[in-house]
Amino acid sequence: MAKTIVLIGVLLITAFVSRAADSPKIDNIAMDPIDHRLVLVHFDDPTPSVGDIQRPDYWTVYSKGPRGIRKHTVVGVDVSLFHEEHTIVLQLMGSLSDDWENLDVSLVNDKSILHVDPDVVTKPNVGQGQATTPFEGTTSRDDSDIYFSGSYTGVVDGDPVWDIDAFAGYIKAIQSKSRYWGKIGFYGQIKTNASATADPDSFLAYGVYQRVIGRGWLGPFQAPYINYRFSGWEFDREGKQLNFVTSPVLTIPIRLSGRLAGPVEPGLTFPHMTFQLGTEFVNVWKSPLAEAKNWHTRGLIGITFSTGYAPEASGLHSILFTSSYQVRLPSSPEIFYDNRFAPVDQTTGKKGDTPPMLGTQARHSIDTTVTYMFLKWAGLSFEHTYGSLPPVFDLTGHSLKVGLAFSLKQTSFGRYSILRP
């Protein structure tokens with residue numbers, strides 16, 4: 001009899017421990033201090049599976065304030081930070097009011113019912129309308145990007161063709177417990193288009209400051225970003241052209257649906273656009289043409305678009321479509337190369353080196369890419385390009401290329417500073 005009682009007790013304890021182990025635990029909830037539509041939820045151990053938390057209809061959110069209790073509809077769940085930081089972002093239909101006093105959050109799925117303890121909610125500072133989170137404004141708001149796409153094509157009785165498109169950067173939030181100052185970091189990108197060598201044609205490197213102006217959304221428009229590339233350099237692979245650049249750019253994100261989603265989130269990545277308007281102040285430090293050495297400005301207009309589908313299934317992590325357009329309008333003659341003016345060897349019929357020229361014509365650049373990611377970090381890219389980037393502005397025509405793509409982080413607003421989708 002005693003053995004039976006002990007056995008039953010062991011079974012009950014085992015069942016209780018097993019059930020407890022399956023129950024998720026939330027140890028902090030906070031409002032994003034910039035966009036009051038976003039609620040950050042941090043899980044402690046044991047963490048649930050992504051499938052148990054990623055659906056918006058699993059979540060119920062109420063806020064309480066001086067004007068009463070208000071229900072908020074969850075329209076999206078961003079889980080891109082979950083595996084690394086155990087943090088998700090609930091995307092609400094409308095913004096939380098500045099004077100909210102508490103949040104009531106519940107998670108109900110097919111496995112469990114979780115009502116969050118009010119004590120884990122980080123309340124906004126009085127008069128600030130901002131949350132002070134235990135994340136210390138660090139990892140959940142630090143953005144990094146590493147992306148590489150490249151291809152090699154062998155040509156019979158001719159030079160091989162290399163195409164490289166890569167960028168990387170890191171940007172970090174600057175804030176105290178009660179004040180948000182923006183983000184600061186650095187970004188760089190390299191690009192070569194139809195080159196006989198693997199050396200990039202264009203190197204761009206910038207120190208970047210980024211700050212959101214205002215908050216929330218106005219119809220399809222998100223609060224704009226100021227991207228100030230306070231110190232930057234443009235140079236070619238041979239070191240013949242070197243420019244110093246400082247450039248303020250206004251970026252306006254535009255959502256084309258009522259929902260938001262990150263590019264690595266399972267399901268449909270909803271269409272998203274940005275519009276850029278800025279000025280580049282350029283000081284030419286070195287140039288093959290002496291008369292090109294001067295200060296001048298470039299008007300800058302850009303548009304980006306991105307969408308995709310990310311089932312995160314075996315052999316098909318995601319399919320992404322991105323496109324960007326940039327046009328630069330120089331205020332004074334600037335160096336460029338046009339292969340149509342290259343001298344031709346009368347004996348071989350081959351073109352020689354293209355001579356540098358000066359002009360004030362608009363510098364267009366178009367890049368459209370379809371990327372099939374068979375893994376989260378690796379895939380194939382199909383890219384169409386036209387034009388080129390600074391500093392030499394090689395006026396190339398249309399080109400198509402297929403290559404390998406590697407992406408170690410895909411969800412950073414820091415890339416807005418270099419006009420990437």
# chains A, B, ... in the order shown; residues from 1 in each chain; ligands from 1

call {"tool": "residues_around", "arguments": {"residues": "segment 42-55 of chain A", "least_positions_apart": "5", "cutoff": "6 Å", "atoms": "only C-alpha atoms", "output": "NGL selection string"}}
result
:A and (24-28 or 77 or 86-87)

call {"tool": "atom_distance", "arguments": {"atom1": "atom CA of Tyr228 of chain A", "atom2": "atom CA of Phe275 of chain A"}}
result
15.3 Å

call {"tool": "residues_around", "arguments": {"residues": "Asp367 of chain A", "least_positions_apart": "4", "cutoff": "7 Å", "atoms": "only C-alpha atoms", "output": "PyMOL selection string"}}
result
chain A and resi 323-325+384-386

call {"tool": "write_last_selection", "arguments": {"atoms": "N, CA and C atoms", "output": "PDB file, in the first residue's frame"}}
result
ATOM      1  N   SER A 323      13.670  45.944 -54.235  1.00  0.00           N
ATOM      2  CA  SER A 323      14.004  46.824 -55.343  1.00  0.00           C
ATOM      3  C   SER A 323      14.333  48.203 -54.800  1.00  0.00           C
ATOM      4  N   SER A 324      15.321  48.843 -55.400  1.00  0.00           N
ATOM      5  CA  SER A 324      15.693  50.186 -54.976  1.00  0.00           C
ATOM      6  C   SER A 324      16.049  51.029 -56.192  1.00  0.00           C
ATOM      7  N   TYR A 325      15.726  52.297 -56.092  1.00  0.00           N
ATOM      8  CA  TYR A 325      16.056  53.266 -57.140  1.00  0.00           C
ATOM      9  C   TYR A 325      16.662  54.499 -56.479  1.00  0.00           C
ATOM     10  N   HIS A 384      18.821  42.235 -61.234  1.00  0.00           N
ATOM     11  CA  HIS A 384      18.882  43.135 -62.384  1.00  0.00           C
ATOM     12  C   HIS A 384      19.391  44.490 -61.904  1.00  0.00           C
ATOM     13  N   THR A 385      20.386  45.052 -62.606  1.00  0.00           N
ATOM     14  CA  THR A 385      20.939  46.340 -62.214  1.00  0.00           C
ATOM     15  C   THR A 385      21.028  47.258 -63.428  1.00  0.00           C
ATOM     16  N   TYR A 386      21.023  48.532 -63.126  1.00  0.00           N
ATOM     17  CA  TYR A 386      21.229  49.555 -64.145  1.00  0.00           C
ATOM     18  C   TYR A 386      21.921  50.732 -63.482  1.00  0.00           C
TER      19      TYR A 386
END

call {"tool": "residues_around", "arguments": {"residues": "Phe321 of chain A", "least_positions_apart": "4", "cutoff": "7 Å", "atoms": "only C-alpha atoms", "output": "PyMOL selection string"}}
result
chain A and resi 306-308+369-371

call {"tool": "write_last_selection", "arguments": {"atoms": "N, CA, C and O atoms", "output": "compact mmCIF listing (two decimals), in the first residue's frame"}}
result
# COMPACT_ATOMS: atom_id res chain seq x y z
N SER A 306 10.07 46.28 -50.67
CA SER A 306 10.40 44.90 -50.29
C SER A 306 9.13 44.15 -49.92
O SER A 306 8.17 44.71 -49.38
N THR A 307 9.12 42.86 -50.23
CA THR A 307 8.05 41.97 -49.83
C THR A 307 8.58 40.55 -49.95
O THR A 307 9.71 40.33 -50.41
N GLY A 308 7.78 39.58 -49.55
CA GLY A 308 8.26 38.20 -49.65
C GLY A 308 7.34 37.21 -48.98
O GLY A 308 6.28 37.56 -48.44
N THR A 369 16.13 42.65 -56.99
CA THR A 369 16.64 41.32 -56.66
C THR A 369 15.53 40.41 -56.17
O THR A 369 14.71 40.82 -55.35
N VAL A 370 15.51 39.19 -56.68
CA VAL A 370 14.68 38.12 -56.14
C VAL A 370 15.64 37.11 -55.49
O VAL A 370 16.55 36.61 -56.15
N THR A 371 15.43 36.84 -54.22
CA THR A 371 16.34 35.96 -53.47
C THR A 371 15.58 34.75 -52.95
O THR A 371 14.57 34.90 -52.24

call {"tool": "closest_residue", "arguments": {"among": "A:Ala30, A:Val41, A:Phe167, A:Lys240", "to": "Ile88 of chain A", "atoms": "only C-alpha atoms"}}
result
A:Val41

call {"tool": "closest_residue", "arguments": {"among": "A:Asn243, A:Ser112, A:Thr60, A:Gln210", "to": "Ile171 of chain A", "atoms": "only C-alpha atoms"}}
result
A:Gln210

call {"tool": "closest_residue", "arguments": {"among": "A:His364, A:Arg255, A:Arg298, A:Lys376", "to": "Ala313 of chain A", "atoms": "only C-alpha atoms"}}
result
A:Lys376

call {"tool": "select_by_dssp", "arguments": {"residues": "segment 177-404 of chain A", "states": "helix (DSSP H, G or I)", "output": "PDB file with all heavy atoms, in the first residue's frame"}}
result
ATOM      1  N   ALA A 290      42.095  66.916 -62.556  1.00  0.00           N
ATOM      2  CA  ALA A 290      42.381  67.959 -61.579  1.00  0.00           C
ATOM      3  C   ALA A 290      41.227  68.940 -61.422  1.00  0.00           C
ATOM      4  O   ALA A 290      40.954  69.431 -60.318  1.00  0.00           O
ATOM      5  CB  ALA A 290      43.658  68.708 -61.991  1.00  0.00           C
ATOM      6  N   GLU A 291      40.527  69.236 -62.499  1.00  0.00           N
ATOM      7  CA  GLU A 291      39.451  70.222 -62.443  1.00  0.00           C
ATOM      8  C   GLU A 291      38.232  69.720 -61.665  1.00  0.00           C
ATOM      9  O   GLU A 291      37.286  70.490 -61.406  1.00  0.00           O
ATOM     10  CB  GLU A 291      39.026  70.641 -63.850  1.00  0.00           C
ATOM     11  CG  GLU A 291      38.592  69.504 -64.747  1.00  0.00           C
ATOM     12  CD  GLU A 291      39.731  68.934 -65.579  1.00  0.00           C
ATOM     13  OE1 GLU A 291      40.875  68.841 -65.053  1.00  0.00           O
ATOM     14  OE2 GLU A 291      39.493  68.586 -66.733  1.00  0.00           O
ATOM     15  N   ALA A 292      38.208  68.424 -61.300  1.00  0.00           N
ATOM     16  CA  ALA A 292      37.073  67.875 -60.559  1.00  0.00           C
ATOM     17  C   ALA A 292      37.227  68.039 -59.057  1.00  0.00           C
ATOM     18  O   ALA A 292      36.321  67.708 -58.292  1.00  0.00           O
ATOM     19  CB  ALA A 292      36.906  66.386 -60.887  1.00  0.00           C
ATOM     20  N   ASN A 339      31.395  53.675 -71.302  1.00  0.00           N
ATOM     21  CA  ASN A 339      32.117  52.712 -72.125  1.00  0.00           C
ATOM     22  C   ASN A 339      31.981  52.999 -73.624  1.00  0.00           C
ATOM     23  O   ASN A 339      32.789  52.541 -74.430  1.00  0.00           O
ATOM     24  CB  ASN A 339      31.606  51.297 -71.819  1.00  0.00           C
ATOM     25  CG  ASN A 339      32.425  50.232 -72.506  1.00  0.00           C
ATOM     26  OD1 ASN A 339      33.644  50.215 -72.400  1.00  0.00           O
ATOM     27  ND2 ASN A 339      31.746  49.338 -73.230  1.00  0.00           N
ATOM     28  N   ARG A 340      31.004  53.767 -74.030  1.00  0.00           N
ATOM     29  CA  ARG A 340      30.819  54.079 -75.450  1.00  0.00           C
ATOM     30  C   ARG A 340      31.960  54.938 -75.994  1.00  0.00           C
ATOM     31  O   ARG A 340      32.195  54.976 -77.199  1.00  0.00           O
ATOM     32  CB  ARG A 340      29.486  54.798 -75.658  1.00  0.00           C
ATOM     33  CG  ARG A 340      28.260  53.932 -75.386  1.00  0.00           C
ATOM     34  CD  ARG A 340      26.990  54.744 -75.510  1.00  0.00           C
ATOM     35  NE  ARG A 340      26.969  55.851 -74.541  1.00  0.00           N
ATOM     36  CZ  ARG A 340      26.003  56.767 -74.490  1.00  0.00           C
ATOM     37  NH1 ARG A 340      24.992  56.702 -75.354  1.00  0.00           N
ATOM     38  NH2 ARG A 340      26.051  57.736 -73.595  1.00  0.00           N
ATOM     39  N   PHE A 341      32.677  55.618 -75.100  1.00  0.00           N
ATOM     40  CA  PHE A 341      33.772  56.489 -75.531  1.00  0.00           C
ATOM     41  C   PHE A 341      35.144  55.836 -75.350  1.00  0.00           C
ATOM     42  O   PHE A 341      36.164  56.509 -75.463  1.00  0.00           O
ATOM     43  CB  PHE A 341      33.722  57.808 -74.744  1.00  0.00           C
ATOM     44  CG  PHE A 341      32.482  58.614 -75.024  1.00  0.00           C
ATOM     45  CD1 PHE A 341      31.378  58.510 -74.200  1.00  0.00           C
ATOM     46  CD2 PHE A 341      32.421  59.470 -76.114  1.00  0.00           C
ATOM     47  CE1 PHE A 341      30.228  59.243 -74.441  1.00  0.00           C
ATOM     48  CE2 PHE A 341      31.278  60.201 -76.367  1.00  0.00           C
ATOM     49  CZ  PHE A 341      30.174  60.094 -75.535  1.00  0.00           C
TER      50      PHE A 341
END

call {"tool": "closest_residue", "arguments": {"among": "A:Lys172, A:Lys286, A:Lys350, A:Lys191", "to": "Asp394 of chain A", "atoms": "only C-alpha atoms"}}
result
A:Lys191

call {"tool": "closest_residue", "arguments": {"among": "A:Gly278, A:Pro311, A:Pro333, A:Gly185", "to": "Tyr225 of chain A", "atoms": "only C-alpha atoms"}}
result
A:Gly278

call {"tool": "atom_distance", "arguments": {"atom1": "atom CA of Val249 of chain A", "atom2": "atom CA of Gly299 of chain A"}}
result
10.1 Å

call {"tool": "closest_residue", "arguments": {"among": "A:Val392, A:Ile301, A:Ile29, A:Met357", "to": "Ala342 of chain A", "atoms": "only C-alpha atoms"}}
result
A:Met357

call {"tool": "residues_around", "arguments": {"residues": "Pro66 of chain A", "least_positions_apart": "6", "cutoff": "8 Å", "atoms": "only C-alpha atoms", "output": "PyMOL selection string"}}
result
chain A and resi 99-101

call {"tool": "atom_distance", "arguments": {"atom1": "atom CA of Gly68 of chain A", "atom2": "atom CA of Asp119 of chain A"}}
result
19.5 Å

call {"tool": "residues_around", "arguments": {"residues": "His115 of chain A", "least_positions_apart": "6", "cutoff": "12 Å", "atoms": "only C-alpha atoms", "output": "ChimeraX atom specification"}}
result
/A:23-27,58-62,103-109
